[in-house]
Each structure stands twice: as structure tokens, then as C-alpha cells.
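What follows is the content of run23.csv (CSV, C-alpha atoms).
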chain,number,residue,atom,x,y,z
S,760,MET,CA,0.0,0.0,0.0
S,761,SER,CA,1.4,3.4,-1.0
S,762,ARG,CA,1.9,6.0,1.6
S,763,TRP,CA,1.7,9.7,0.6
S,764,VAL,CA,2.9,12.9,2.3
S,765,ASP,CA,2.7,16.7,1.9
S,766,LEU,CA,5.9,18.6,3.0
S,767,HIS,CA,4.8,22.1,2.2
S,768,LEU,CA,1.7,23.4,4.0
S,769,HIS,CA,0.9,26.7,5.7
S,770,SER,CA,-1.2,27.6,8.8
S,771,ASN,CA,-2.5,30.8,10.2
S,772,CYS,CA,0.8,31.2,12.1
S,773,SER,CA,1.9,32.8,8.8
S,774,ASP,CA,-0.3,33.4,5.8
S,775,GLY,CA,-2.5,30.3,5.9
S,776,ALA,CA,-6.2,30.3,6.8
S,777,LEU,CA,-6.4,27.3,9.1
S,778,THR,CA,-4.9,26.6,12.6
S,779,PRO,CA,-2.0,24.1,12.7
S,780,ALA,CA,-4.4,21.5,14.3
S,781,GLU,CA,-6.9,22.1,11.5
S,782,VAL,CA,-4.3,21.6,8.9
S,783,VAL,CA,-3.2,18.3,10.5
S,784,ARG,CA,-6.8,17.1,10.7
S,785,LYS,CA,-7.4,17.9,7.0
S,786,ALA,CA,-4.2,15.9,6.2
S,787,ALA,CA,-5.5,13.0,8.2
S,788,ASP,CA,-8.9,13.2,6.3
S,789,ALA,CA,-6.9,13.2,3.0
S,790,GLY,CA,-5.2,10.0,4.0
S,791,LEU,CA,-1.7,11.4,4.3
S,792,VAL,CA,0.7,9.7,6.7
S,793,ALA,CA,3.1,12.6,7.2
S,794,ILE,CA,3.2,16.4,6.7
S,795,ALA,CA,5.2,19.5,7.3
S,796,ILE,CA,3.7,22.9,8.1
S,797,ALA,CA,6.3,25.2,6.7
S,798,ASP,CA,5.1,28.6,7.8
S,799,HIS,CA,6.9,31.7,6.5
S,800,ASP,CA,9.7,32.8,8.8
S,801,ASN,CA,7.8,31.3,11.8
S,802,VAL,CA,7.9,28.2,13.9
S,803,ASP,CA,5.1,29.1,16.4
S,804,GLY,CA,2.7,26.5,15.1
S,805,ILE,CA,5.0,23.5,15.3
S,806,ASP,CA,4.2,22.4,18.8
S,807,ALA,CA,0.4,22.5,18.2
S,808,ALA,CA,0.9,20.6,14.9
S,809,LEU,CA,3.0,17.9,16.6
S,810,ALA,CA,0.3,17.5,19.3
S,811,ALA,CA,-2.4,17.3,16.7
S,812,GLY,CA,-0.4,14.8,14.7
S,813,GLN,CA,-0.2,12.5,17.7
S,814,SER,CA,-3.9,12.6,18.1
S,815,CYS,CA,-4.7,12.1,14.4
S,816,GLY,CA,-2.0,9.5,13.7
S,817,VAL,CA,-0.2,11.8,11.3
S,818,GLU,CA,3.6,12.2,11.4
S,819,VAL,CA,4.6,15.9,11.6
S,820,LEU,CA,8.0,17.2,10.7
S,821,PRO,CA,9.2,20.5,12.1
S,822,ALA,CA,9.5,22.8,9.2
S,823,VAL,CA,9.9,26.5,8.2
S,824,GLU,CA,10.0,28.5,4.9
S,825,LEU,CA,12.6,31.3,4.9
S,826,SER,CA,12.7,34.2,2.5
S,827,VAL,CA,16.3,34.4,1.2
S,828,VAL,CA,18.3,36.4,-1.4
S,829,TRP,CA,21.2,35.4,-3.6
S,830,GLN,CA,23.0,38.1,-5.6
S,831,GLY,CA,20.3,39.6,-8.0
S,832,PHE,CA,17.7,37.0,-7.1
S,833,GLN,CA,15.3,38.1,-4.4
S,834,ASP,CA,12.6,36.4,-2.4
S,835,ILE,CA,13.9,32.9,-3.1
S,836,HIS,CA,12.3,30.5,-0.6
S,837,LEU,CA,14.2,28.0,1.4
S,838,LEU,CA,12.6,25.1,3.3
S,839,GLY,CA,14.1,23.9,6.6
S,840,TYR,CA,13.1,20.5,8.0
S,841,CYS,CA,13.7,18.3,11.1
S,842,PHE,CA,15.4,21.0,13.2
S,843,ASP,CA,14.8,21.9,16.9
S,844,PRO,CA,11.9,24.3,16.8
S,845,HIS,CA,13.1,25.7,20.2
S,846,HIS,CA,16.7,26.3,19.2
S,847,PRO,CA,17.5,29.7,20.8
S,848,GLU,CA,19.5,31.1,17.9
S,849,LEU,CA,16.8,30.1,15.3
S,850,CYS,CA,14.0,31.5,17.4
S,851,SER,CA,15.8,34.8,18.1
S,852,ALA,CA,16.6,35.3,14.4
S,853,LEU,CA,13.0,34.6,13.4
S,854,ALA,CA,11.6,36.9,16.1
S,855,GLU,CA,13.9,39.7,14.8
S,856,PHE,CA,12.8,39.0,11.3
S,857,ARG,CA,9.1,39.2,12.2
S,858,GLU,CA,9.6,42.4,14.2
S,859,PHE,CA,11.0,44.0,11.0
S,860,ARG,CA,8.1,42.6,9.0
S,861,ALA,CA,5.5,44.0,11.4
S,862,GLY,CA,7.0,47.5,10.9
S,863,ARG,CA,7.1,47.0,7.2
S,864,ASN,CA,3.4,46.0,7.0
S,865,GLU,CA,2.4,49.0,9.1
S,866,GLN,CA,4.2,51.3,6.7
S,867,ILE,CA,2.4,49.6,3.8
S,868,VAL,CA,-1.0,50.1,5.5
S,869,THR,CA,-0.1,53.8,6.0
S,870,ARG,CA,0.6,54.2,2.3
S,871,ILE,CA,-2.6,52.3,1.4
S,872,ASN,CA,-4.6,54.6,3.7
S,873,GLN,CA,-3.1,57.7,2.0
S,874,ARG,CA,-4.3,56.2,-1.4
S,875,LEU,CA,-7.7,55.4,0.1
S,876,ALA,CA,-8.1,59.0,1.4
S,877,ALA,CA,-7.3,60.3,-2.0
S,878,GLU,CA,-10.1,58.2,-3.4
S,879,GLY,CA,-12.5,59.5,-0.7
S,880,ARG,CA,-12.6,56.2,1.2
S,881,LEU,CA,-12.2,55.4,4.9
S,882,PRO,CA,-8.9,54.0,6.1
S,883,ILE,CA,-8.3,50.3,6.9
S,884,ASP,CA,-7.4,49.5,10.5
S,885,PHE,CA,-3.9,47.9,11.1
S,886,ALA,CA,-5.0,46.6,14.5
S,887,ALA,CA,-7.9,44.7,12.9
S,888,ILE,CA,-5.5,43.3,10.3
S,889,ARG,CA,-3.1,42.1,13.0
S,890,GLN,CA,-6.0,40.5,14.9
S,891,ARG,CA,-7.1,38.7,11.7
S,892,ALA,CA,-3.6,37.4,11.0
S,893,GLY,CA,-3.3,35.8,14.5
S,894,GLY,CA,0.4,34.8,13.7
S,895,THR,CA,2.9,36.3,11.3
S,896,LEU,CA,1.3,39.1,9.5
S,897,GLY,CA,1.9,39.4,5.7
S,898,ARG,CA,0.5,41.3,2.7
S,899,PRO,CA,-2.2,38.6,2.1
S,900,HIS,CA,-3.7,39.6,5.4
S,901,ILE,CA,-3.9,43.2,4.3
S,902,ALA,CA,-5.5,42.1,1.1
S,903,LEU,CA,-8.2,40.2,3.1
S,904,GLU,CA,-9.0,43.4,5.0
S,905,LEU,CA,-9.4,45.3,1.7
S,906,ILE,CA,-11.7,42.6,0.5
S,907,ALA,CA,-13.7,42.7,3.8
S,908,GLN,CA,-14.2,46.4,3.5
S,909,GLY,CA,-15.5,46.0,-0.1
S,910,TYR,CA,-12.7,48.0,-1.7
S,911,VAL,CA,-11.6,45.1,-3.9
S,912,ARG,CA,-13.2,41.8,-5.1
S,913,ASN,CA,-10.2,39.5,-4.6
S,914,LYS,CA,-6.6,39.2,-3.7
S,915,ASP,CA,-5.3,39.8,-7.2
S,916,GLU,CA,-7.2,43.1,-7.4
S,917,ALA,CA,-5.9,44.0,-3.9
S,918,PHE,CA,-2.3,43.5,-5.0
S,919,ASP,CA,-2.8,45.3,-8.3
S,920,ARG,CA,-4.5,48.4,-7.0
S,921,TYR,CA,-3.0,48.8,-3.5
S,922,LEU,CA,-0.4,46.4,-2.3
S,923,VAL,CA,2.1,46.6,-5.2
S,924,PRO,CA,1.9,50.4,-5.6
S,925,CYS,CA,2.2,50.9,-1.9
S,926,ASN,CA,4.8,48.3,-1.2
S,927,VAL,CA,7.8,48.7,1.1
S,928,ALA,CA,10.9,46.6,0.4
S,929,LYS,CA,11.2,43.3,2.2
S,930,ARG,CA,14.1,42.1,4.2
S,931,PHE,CA,15.7,38.7,3.3
S,932,PHE,CA,18.2,36.3,4.8
S,933,PRO,CA,21.3,35.8,2.7
S,934,ILE,CA,20.9,32.2,1.5
S,935,LYS,CA,24.2,31.0,3.0
S,936,GLU,CA,23.3,32.5,6.4
S,937,ALA,CA,19.8,30.9,6.3
S,938,ILE,CA,21.1,27.5,5.4
S,939,SER,CA,23.7,27.7,8.2
S,940,LEU,CA,21.0,28.8,10.7
S,941,ILE,CA,18.8,25.7,9.9
S,942,GLN,CA,21.8,23.4,10.1
S,943,ARG,CA,23.0,24.8,13.5
S,944,ALA,CA,19.5,24.0,14.7
S,945,GLY,CA,20.0,20.4,13.6
S,946,GLY,CA,18.0,20.6,10.4
S,947,VAL,CA,18.4,20.2,6.7
S,948,THR,CA,17.3,22.4,3.8
S,949,SER,CA,15.6,22.2,0.5
S,950,LEU,CA,15.0,24.8,-2.2
S,951,ALA,CA,11.3,25.6,-2.5
S,952,HIS,CA,9.4,25.6,-5.8
S,953,PRO,CA,12.4,26.3,-8.1
S,954,ALA,CA,10.1,26.8,-11.0
S,955,TYR,CA,9.2,30.2,-9.4
S,956,ILE,CA,12.8,31.3,-9.5
S,957,SER,CA,13.4,31.0,-13.2
S,958,ARG,CA,12.1,29.1,-16.2
S,959,ASP,CA,15.6,29.0,-17.7
S,960,ARG,CA,17.0,25.6,-16.9
S,961,GLN,CA,20.6,26.8,-17.6
S,962,VAL,CA,20.1,29.5,-15.0
S,963,LEU,CA,18.5,27.1,-12.5
S,964,GLY,CA,21.4,24.6,-13.0
S,965,GLN,CA,23.9,27.3,-12.2
S,966,LEU,CA,21.8,28.3,-9.1
S,967,PHE,CA,21.6,24.7,-7.9
S,968,ASP,CA,25.4,24.5,-8.0
S,969,ALA,CA,25.9,27.8,-6.3
S,970,PHE,CA,23.4,26.9,-3.5
S,971,VAL,CA,25.0,23.5,-3.0
S,972,ASP,CA,28.3,25.3,-2.4
S,973,CYS,CA,26.4,27.3,0.3
S,974,GLY,CA,25.4,24.0,1.9
S,975,LEU,CA,21.9,23.3,0.3
S,976,GLU,CA,20.9,19.7,0.8
S,977,GLY,CA,17.7,19.3,-1.2
S,978,ILE,CA,15.3,20.5,-4.0
S,979,GLU,CA,11.6,20.6,-3.8
S,980,VAL,CA,11.1,18.4,-6.9
S,981,TYR,CA,7.4,17.8,-6.6
S,982,SER,CA,5.2,20.9,-6.6
S,983,ASN,CA,2.1,22.4,-8.2
S,984,GLN,CA,4.3,25.1,-9.8
S,985,ALA,CA,6.1,22.6,-12.0
S,986,SER,CA,5.0,20.7,-15.0
S,987,ASN,CA,5.5,17.0,-15.3
S,988,ASP,CA,8.4,17.7,-17.6
S,989,ASP,CA,9.9,20.1,-15.0
S,990,ILE,CA,9.5,17.5,-12.3
S,991,ASP,CA,11.4,14.9,-14.3
S,992,TRP,CA,14.2,17.4,-14.9
S,993,PHE,CA,14.3,18.6,-11.2
S,994,LEU,CA,14.5,14.9,-10.1
S,995,SER,CA,17.4,14.3,-12.5
S,996,GLU,CA,19.2,17.4,-11.3
S,997,ALA,CA,18.7,16.5,-7.7
S,998,ASN,CA,19.9,12.9,-8.2
S,999,ARG,CA,22.9,14.1,-10.2
S,1000,ARG,CA,24.0,16.3,-7.3
S,1001,LYS,CA,23.0,13.7,-4.7
S,1002,LEU,CA,20.5,16.1,-3.1
S,1003,LEU,CA,17.4,15.2,-1.1
S,1004,VAL,CA,14.1,15.2,-2.9
S,1005,THR,CA,11.1,17.0,-1.2
S,1006,GLY,CA,7.6,18.0,-2.4
S,1007,GLY,CA,4.4,19.6,-1.3
S,1008,SER,CA,1.3,21.4,-2.4
S,1009,ASP,CA,2.0,24.8,-0.9
S,1010,TYR,CA,-1.6,24.7,0.5
S,1011,HIS,CA,-2.7,27.8,2.4
S,1012,GLY,CA,-6.4,27.1,2.9
S,1013,GLY,CA,-9.3,29.5,2.6
S,1014,HIS,CA,-12.4,29.7,0.5
S,1015,GLN,CA,-10.5,30.8,-2.6
S,1016,GLU,CA,-7.8,28.1,-2.4
S,1017,GLU,CA,-7.5,26.1,-5.6
S,1018,LEU,CA,-4.9,23.7,-4.1
S,1019,VAL,CA,-5.7,20.7,-2.0
S,1020,ILE,CA,-3.7,19.1,0.8
S,1021,GLY,CA,-1.7,16.2,-0.6
S,1022,GLY,CA,-2.8,17.1,-4.2
S,1023,LEU,CA,-0.3,18.0,-6.8
S,1024,ARG,CA,-0.4,18.4,-10.6
S,1025,GLY,CA,-2.6,15.6,-12.2
S,1026,ASN,CA,-2.4,12.4,-10.1
S,1027,LEU,CA,1.1,13.2,-8.8
S,1028,ARG,CA,1.8,12.4,-5.2
S,1029,VAL,CA,4.7,12.8,-2.9
S,1030,PRO,CA,6.0,9.4,-1.6
S,1031,TYR,CA,6.9,8.7,2.0
S,1032,HIS,CA,10.5,7.9,1.3
S,1033,CYS,CA,11.1,11.7,1.1
S,1034,VAL,CA,10.3,11.8,4.8
S,1035,GLU,CA,12.6,8.9,5.5
S,1036,ALA,CA,15.5,10.6,3.6
S,1037,LEU,CA,15.0,13.9,5.5
S,1038,ARG,CA,14.9,12.1,8.9
S,1039,PHE,CA,18.0,10.2,8.1
S,1040,ALA,CA,19.9,13.3,6.9
S,1041,ALA,CA,18.9,15.2,10.0
S,1042,ALA,CA,19.8,12.4,12.4
S,1043,ARG,CA,23.2,12.1,10.8
S,1044,ARG,CA,23.8,15.9,11.2
S,1045,GLN,CA,22.6,15.8,14.8
S,1046,ALA,CA,24.8,12.7,15.6
S,1047,LYS,CA,27.9,14.5,14.3
S,1048,GLY,CA,27.0,17.8,16.0
S,1049,SER,CA,24.9,20.8,14.7
S,1050,GLY,CA,26.3,22.3,11.6
S,1051,SER,CA,29.3,20.0,11.2
S,1052,ALA,CA,27.9,18.4,8.1
S,1053,SER,CA,27.7,21.8,6.3
S,1054,ARG,CA,29.4,21.9,2.9
S,1055,SER,CA,29.9,25.6,3.2
Before we go any further, please render this structure as C-alpha cells.
Amino acid sequence: MSRWVDLHLHSNCSDGALTPAEVVRKAADAGLVAIAIADHDNVDGIDAALAAGQSCGVEVLPAVELSVVWQGFQDIHLLGYCFDPHHPELCSALAEFREFRAGRNEQIVTRINQRLAAEGRLPIDFAAIRQRAGGTLGRPHIALELIAQGYVRNKDEAFDRYLVPCNVAKRFFPIKEAISLIQRAGGVTSLAHPAYISRDRQVLGQLFDAFVDCGLEGIEVYSNQASNDDIDWFLSEANRRKLLVTGGSDYHGGHQEELVIGGLRGNLRVPYHCVEALRFAAARRQAKGSGSASRS
């Protein structure tokens, strides 16, 4: 009997719609045997997810998705797995990152309110947005408030009319720093949805090599952002470099969500052996001592 997993999910601790426990229950209902809730720059939901996993019989891997930068490439996403979610250095770095992000989002709301005032509309309330978010606040939460006030019909319109014109530059981890941070916490890393970075395979191949030199251990081969042909190529590139293979739906939840937990392009599924490989790599790192297995 085949066993399937989803190693890229989100909860309301970042920009997802469901609590960690609700995500785990949906995964159980979908028949998955293991998942990872990889919230953006946030590990606050891991303990709740682990507890729910024990209740539902779903294996839960500690995970996080970090926003990183490499030279001219910005907002690359790095997945970390099987680390200690209470590692002091990791928690401190993420708290500092979220503090910066909170200030950035408040500046964005201020700019949006200036635009709304020019349109003769009432301002949106940052406190209400923060309450709606519950966890790590991001631009999608601001979009939801614009929808709730009837100023836009959907998230795409919110971004086109307000969030993009009123944006404030993000802060990113340098990728080598982010990889090292996860490794020192006992975890391993995988490059999230590479199809989003570039459609040029020559460019991606060069990036894979550069990131491996920084210590990268895996590639998210299976994703909804990649075609079946892309997936075959990513798998070949990962195997050629002896990298871990990961995969997931990038499910966020919500009534407008098109993705489903455990569901990828067509009838594609993520096999359980991806979890076994991650667990083995992390155990090997932890046995040798945090960070000692880094190739950087």
C-alpha cells in the first residue's frame, strides 16, 4: 500500500487560513501519513501541529520556509526540516525578522490609507489586520482586509490596486546564512518551488550548483508550480547532485484556495521515502553535531 505525504503546507501562524491543528486534521482526512507545516519565517505552530499529529496519527515534521536572497535573485524561498523548533538562535533570528516585517506591514497600511483617502474612502485598521492574522502578518492579510471592506473583489485586485503600488521593500536572509542557521538548529534544507525562481534551466542549474556550495541539501522536486516535464528534470538534477528530494502542495487554505492538501499536478503524489530521507539526513547531522555536516 502506497503512503503519501505533503511537506509544504501553511497555517494561520503565517499566511494560511487554518490553525495548525486544523491543517493536520485535513491531512488525516486526506489519508496522508506525514506532513510538514512550513510557515513563513515562523515556527510558532510546530508544537500544536506535533500534538495534533499524535492525536490524528499523522507524522509531523518540524519545518519552516525562509525568504532568502542570492545576488540579484530576491525572495527565493528556502525550506528547513527536522530542526529543533526551540533552538535559541533560530527563534531569536525569526523573532527579529518578524519584528522588522511588522514594521514594514504597518508602513504599507499607512501608504494604502493615503491612497484610500485620495479616493474618498475610509482607512483600513492595522489593529484589525493584525488580529485577523493571528500569527505572522503578511501582505495577504492586508489584502483580506481590503476585501472585507469591499474595496476590492479578490486578492489579485488588492495587490494590483494597492499592495504593489504601496509596497515597502522586504528584508531577506542571505541564503548561505539561512542554510547555516537551519543546520545549526540540527535541520536540513531544500530549495522551495524552483520553477518560481526561473524558467531558464541553464540559470537554474547554475543556481543549484551555487546553492550546493552554500550548503543546500535538497530540492523541492514535486510541486504544483512545476509541469510533469519540469519535475522529471528537477529529479534528474537532484539525483545528479546527490540532493534530497522533497515535495508539497503549498496549500494555504481559505475559500478561494485552488490547491488541496496532498494534491499536486494531475495524479502526482509525494512518496513517504522523502520523509525517510529527511529524517536520516537530520539524524546524521545531529549525531555529528549541529552544523558540522555543512558543505559551506
Subject >> S:Asp884, S:Asp834, S:Asp774, S:Glu865 ranked by distance to Ile956 of chain S, top pick (using only C-alpha atoms) >> reply: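 Selected residue with least distance to Ile956 of chain S: S:Asp834.
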Report, as JSON, the centre and edge lengths in Å (one decimal) of the axis-aligned box enclosing every listed atom of segment 865-870 of chain S, padded by 5 Å on each side.
{"center_x": 1.6, "center_y": 51.6, "center_z": 5.7, "size_x": 15.2, "size_y": 15.2, "size_z": 16.8}
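If you look at atom CA of Asp959 of chain S and atom CA of Trp829 of chain S, they are 16.5 Å away from each other.
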Subject >> Within-12 Å shell of (-8.8, 37.8, -4.8) in input frame, all atoms listed in the file, as number ranges by chain >> reply: S: 899-907, 909-920, 1013-1017
Original post:
Pick the closest to Ala944 of chain S from S:Ser851, S:Asn872, S:Asn864, S:Gln965: which is it, counting all atoms listed in the file?
Top reply: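 For Ala944 of chain S, the nearest of the given residues is S:Ser851.
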Original post:
What lies within 12 Å of Gly804 of chain S using only C-alpha atoms, ignoring chain neighbours under 6 positions off, as a ChimeraX atom specification?
Top reply: /S:768-775,777-783,795-798,810-811,819-823,844-845,893-895
What does the file look like for those residues with C-alpha atoms, as a PDB file, in the coordinates of the input?
ATOM      1  CA  LEU S 768       1.700  23.400   4.000  1.00  0.00           C
ATOM      2  CA  HIS S 769       0.900  26.700   5.700  1.00  0.00           C
ATOM      3  CA  SER S 770      -1.200  27.600   8.800  1.00  0.00           C
ATOM      4  CA  ASN S 771      -2.500  30.800  10.200  1.00  0.00           C
ATOM      5  CA  CYS S 772       0.800  31.200  12.100  1.00  0.00           C
ATOM      6  CA  SER S 773       1.900  32.800   8.800  1.00  0.00           C
ATOM      7  CA  ASP S 774      -0.300  33.400   5.800  1.00  0.00           C
ATOM      8  CA  GLY S 775      -2.500  30.300   5.900  1.00  0.00           C
ATOM      9  CA  LEU S 777      -6.400  27.300   9.100  1.00  0.00           C
ATOM     10  CA  THR S 778      -4.900  26.600  12.600  1.00  0.00           C
ATOM     11  CA  PRO S 779      -2.000  24.100  12.700  1.00  0.00           C
ATOM     12  CA  ALA S 780      -4.400  21.500  14.300  1.00  0.00           C
ATOM     13  CA  GLU S 781      -6.900  22.100  11.500  1.00  0.00           C
ATOM     14  CA  VAL S 782      -4.300  21.600   8.900  1.00  0.00           C
ATOM     15  CA  VAL S 783      -3.200  18.300  10.500  1.00  0.00           C
ATOM     16  CA  ALA S 795       5.200  19.500   7.300  1.00  0.00           C
ATOM     17  CA  ILE S 796       3.700  22.900   8.100  1.00  0.00           C
ATOM     18  CA  ALA S 797       6.300  25.200   6.700  1.00  0.00           C
ATOM     19  CA  ASP S 798       5.100  28.600   7.800  1.00  0.00           C
ATOM     20  CA  ALA S 810       0.300  17.500  19.300  1.00  0.00           C
ATOM     21  CA  ALA S 811      -2.400  17.300  16.700  1.00  0.00           C
ATOM     22  CA  VAL S 819       4.600  15.900  11.600  1.00  0.00           C
ATOM     23  CA  LEU S 820       8.000  17.200  10.700  1.00  0.00           C
ATOM     24  CA  PRO S 821       9.200  20.500  12.100  1.00  0.00           C
ATOM     25  CA  ALA S 822       9.500  22.800   9.200  1.00  0.00           C
ATOM     26  CA  VAL S 823       9.900  26.500   8.200  1.00  0.00           C
ATOM     27  CA  PRO S 844      11.900  24.300  16.800  1.00  0.00           C
ATOM     28  CA  HIS S 845      13.100  25.700  20.200  1.00  0.00           C
ATOM     29  CA  GLY S 893      -3.300  35.800  14.500  1.00  0.00           C
ATOM     30  CA  GLY S 894       0.400  34.800  13.700  1.00  0.00           C
ATOM     31  CA  THR S 895       2.900  36.300  11.300  1.00  0.00           C
TER      32      THR S 895
END
**OP:** Choose the residue, out of S:Gly1022, S:Pro847, S:Pro882, S:Gly977, that has the smallest atom-to-atom separation from Ala789 of chain S; count only C-alpha atoms.
**Re:**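 With only C-alpha atoms as the atom set, the closest residue is S:Gly1022.
Computed from the coordinates, the atom CA of Ala951 of chain S to atom CA of Cys841 of chain S distance equals 15.6 Å.
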Subject >> Coordinates-based distance that separates atom CA of Ser939 of chain S from atom CA of Arg999 of chain S (Å, one decimal) >> reply: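 Atom-to-atom, atom CA of Arg999 of chain S to atom CA of Ser939 of chain S, that is 22.9 Å.
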Subject >> Contacts of Ile941 of chain S within 7 Å, all atoms listed in the file, excl. fewer than 4 positions in-chain, as number ranges by chain >> reply: S: 839, 842, 937, 945-947
**OP:** Compile the contact shell of Phe967 of chain S as a VMD selection string: residues with an atom at most 9 Å away, counting only C-alpha atoms, same-chain residues fewer than 3 positions apart removed.
**Re:** chain S and resid 950 962 to 964 970 to 972 975 978 996 to 997 1000
**OP:** Name the residues, using the chain letters and numbers of the file, that sit within 12 Å of (18.6, 42.4, -5.6) when counting only C-alpha atoms, and give them as a ChimeraX atom specification.
**Re:** /S:827-835,928-931,933
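Shortest separation to Leu1018 of chain S among S:Ile794, S:Thr869, S:Gly1048, S:Asn983 occurs at residue S:Asn983, atoms counted being all atoms listed in the file.
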**OP:** Tell me which of S:Ile1020, S:Val764, S:Leu1027, S:Val1004 sits closest to Ala1040 of chain S, counting only C-alpha atoms.
**Re:**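 For Ala1040 of chain S, the nearest of the given residues is S:Val1004.
In this comparison, which uses only C-alpha atoms, the residue of S:Leu1023, S:Leu1002, S:Val923, S:Ile805 approaching Ala1036 of chain S most closely is S:Leu1002.
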My structure is short of atoms at segment 848-874 of chain S; please model N, CA and C atoms there, returning them as an mmCIF file, keeping the file's coordinate frame.
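Below you can see out.cif, which holds the result:
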data_model
loop_
_atom_site.group_PDB
_atom_site.id
_atom_site.type_symbol
_atom_site.label_atom_id
_atom_site.label_comp_id
_atom_site.auth_asym_id
_atom_site.auth_seq_id
_atom_site.Cartn_x
_atom_site.Cartn_y
_atom_site.Cartn_z
ATOM 1 N N GLU S 848 19.000 30.248 18.942
ATOM 2 C CA GLU S 848 19.500 31.100 17.900
ATOM 3 C C GLU S 848 18.465 31.243 16.746
ATOM 4 N N LEU S 849 17.861 30.123 16.376
ATOM 5 C CA LEU S 849 16.800 30.100 15.300
ATOM 6 C C LEU S 849 15.652 30.978 15.738
ATOM 7 N N CYS S 850 15.151 30.763 16.946
ATOM 8 C CA CYS S 850 14.000 31.500 17.400
ATOM 9 C C CYS S 850 14.260 32.996 17.515
ATOM 10 N N SER S 851 15.457 33.357 17.957
ATOM 11 C CA SER S 851 15.800 34.800 18.100
ATOM 12 C C SER S 851 15.885 35.414 16.680
ATOM 13 N N ALA S 852 16.485 34.713 15.713
ATOM 14 C CA ALA S 852 16.600 35.300 14.400
ATOM 15 C C ALA S 852 15.226 35.457 13.732
ATOM 16 N N LEU S 853 14.323 34.495 13.937
ATOM 17 C CA LEU S 853 13.000 34.600 13.400
ATOM 18 C C LEU S 853 12.168 35.698 14.043
ATOM 19 N N ALA S 854 12.336 35.861 15.358
ATOM 20 C CA ALA S 854 11.600 36.900 16.100
ATOM 21 C C ALA S 854 12.076 38.298 15.559
ATOM 22 N N GLU S 855 13.374 38.455 15.336
ATOM 23 C CA GLU S 855 13.900 39.700 14.800
ATOM 24 C C GLU S 855 13.358 39.978 13.409
ATOM 25 N N PHE S 856 13.271 38.917 12.615
ATOM 26 C CA PHE S 856 12.800 39.000 11.300
ATOM 27 C C PHE S 856 11.293 39.460 11.269
ATOM 28 N N ARG S 857 10.497 38.843 12.170
ATOM 29 C CA ARG S 857 9.100 39.200 12.200
ATOM 30 C C ARG S 857 8.855 40.594 12.750
ATOM 31 N N GLU S 858 9.722 41.060 13.651
ATOM 32 C CA GLU S 858 9.600 42.400 14.200
ATOM 33 C C GLU S 858 9.813 43.425 13.017
ATOM 34 N N PHE S 859 10.807 43.152 12.175
ATOM 35 C CA PHE S 859 11.000 44.000 11.000
ATOM 36 C C PHE S 859 9.810 43.973 10.085
ATOM 37 N N ARG S 860 9.279 42.762 9.870
ATOM 38 C CA ARG S 860 8.100 42.600 9.000
ATOM 39 C C ARG S 860 6.918 43.345 9.474
ATOM 40 N N ALA S 861 6.699 43.320 10.798
ATOM 41 C CA ALA S 861 5.500 44.000 11.400
ATOM 42 C C ALA S 861 5.635 45.510 11.084
ATOM 43 N N GLY S 862 6.837 46.080 11.244
ATOM 44 C CA GLY S 862 7.000 47.500 10.900
ATOM 45 C C GLY S 862 6.799 47.775 9.467
ATOM 46 N N ARG S 863 7.275 46.872 8.622
ATOM 47 C CA ARG S 863 7.100 47.000 7.200
ATOM 48 C C ARG S 863 5.615 47.031 6.810
ATOM 49 N N ASN S 864 4.853 46.084 7.368
ATOM 50 C CA ASN S 864 3.400 46.000 7.000
ATOM 51 C C ASN S 864 2.648 47.213 7.514
ATOM 52 N N GLU S 865 3.044 47.751 8.662
ATOM 53 C CA GLU S 865 2.400 49.000 9.100
ATOM 54 C C GLU S 865 2.645 50.133 8.204
ATOM 55 N N GLN S 866 3.865 50.213 7.671
ATOM 56 C CA GLN S 866 4.200 51.300 6.700
ATOM 57 C C GLN S 866 3.362 51.080 5.421
ATOM 58 N N ILE S 867 3.175 49.818 4.993
ATOM 59 C CA ILE S 867 2.400 49.600 3.800
ATOM 60 C C ILE S 867 0.929 50.015 4.018
ATOM 61 N N VAL S 868 0.367 49.709 5.206
ATOM 62 C CA VAL S 868 -1.000 50.100 5.500
ATOM 63 C C VAL S 868 -1.124 51.640 5.520
ATOM 64 N N THR S 869 -0.110 52.316 6.042
ATOM 65 C CA THR S 869 -0.100 53.800 6.000
ATOM 66 C C THR S 869 -0.174 54.310 4.607
ATOM 67 N N ARG S 870 0.614 53.736 3.730
ATOM 68 C CA ARG S 870 0.600 54.200 2.300
ATOM 69 C C ARG S 870 -0.731 53.865 1.658
ATOM 70 N N ILE S 871 -1.298 52.695 1.966
ATOM 71 C CA ILE S 871 -2.600 52.300 1.400
ATOM 72 C C ILE S 871 -3.667 53.321 1.866
ATOM 73 N N ASN S 872 -3.621 53.681 3.144
ATOM 74 C CA ASN S 872 -4.600 54.600 3.700
ATOM 75 C C ASN S 872 -4.495 55.994 3.028
ATOM 76 N N GLN S 873 -3.294 56.391 2.680
ATOM 77 C CA GLN S 873 -3.100 57.700 2.000
ATOM 78 C C GLN S 873 -3.789 57.575 0.589
ATOM 79 N N ARG S 874 -3.660 56.431 -0.056
ATOM 80 C CA ARG S 874 -4.300 56.200 -1.400
ATOM 81 C C ARG S 874 -5.813 56.182 -1.210
#
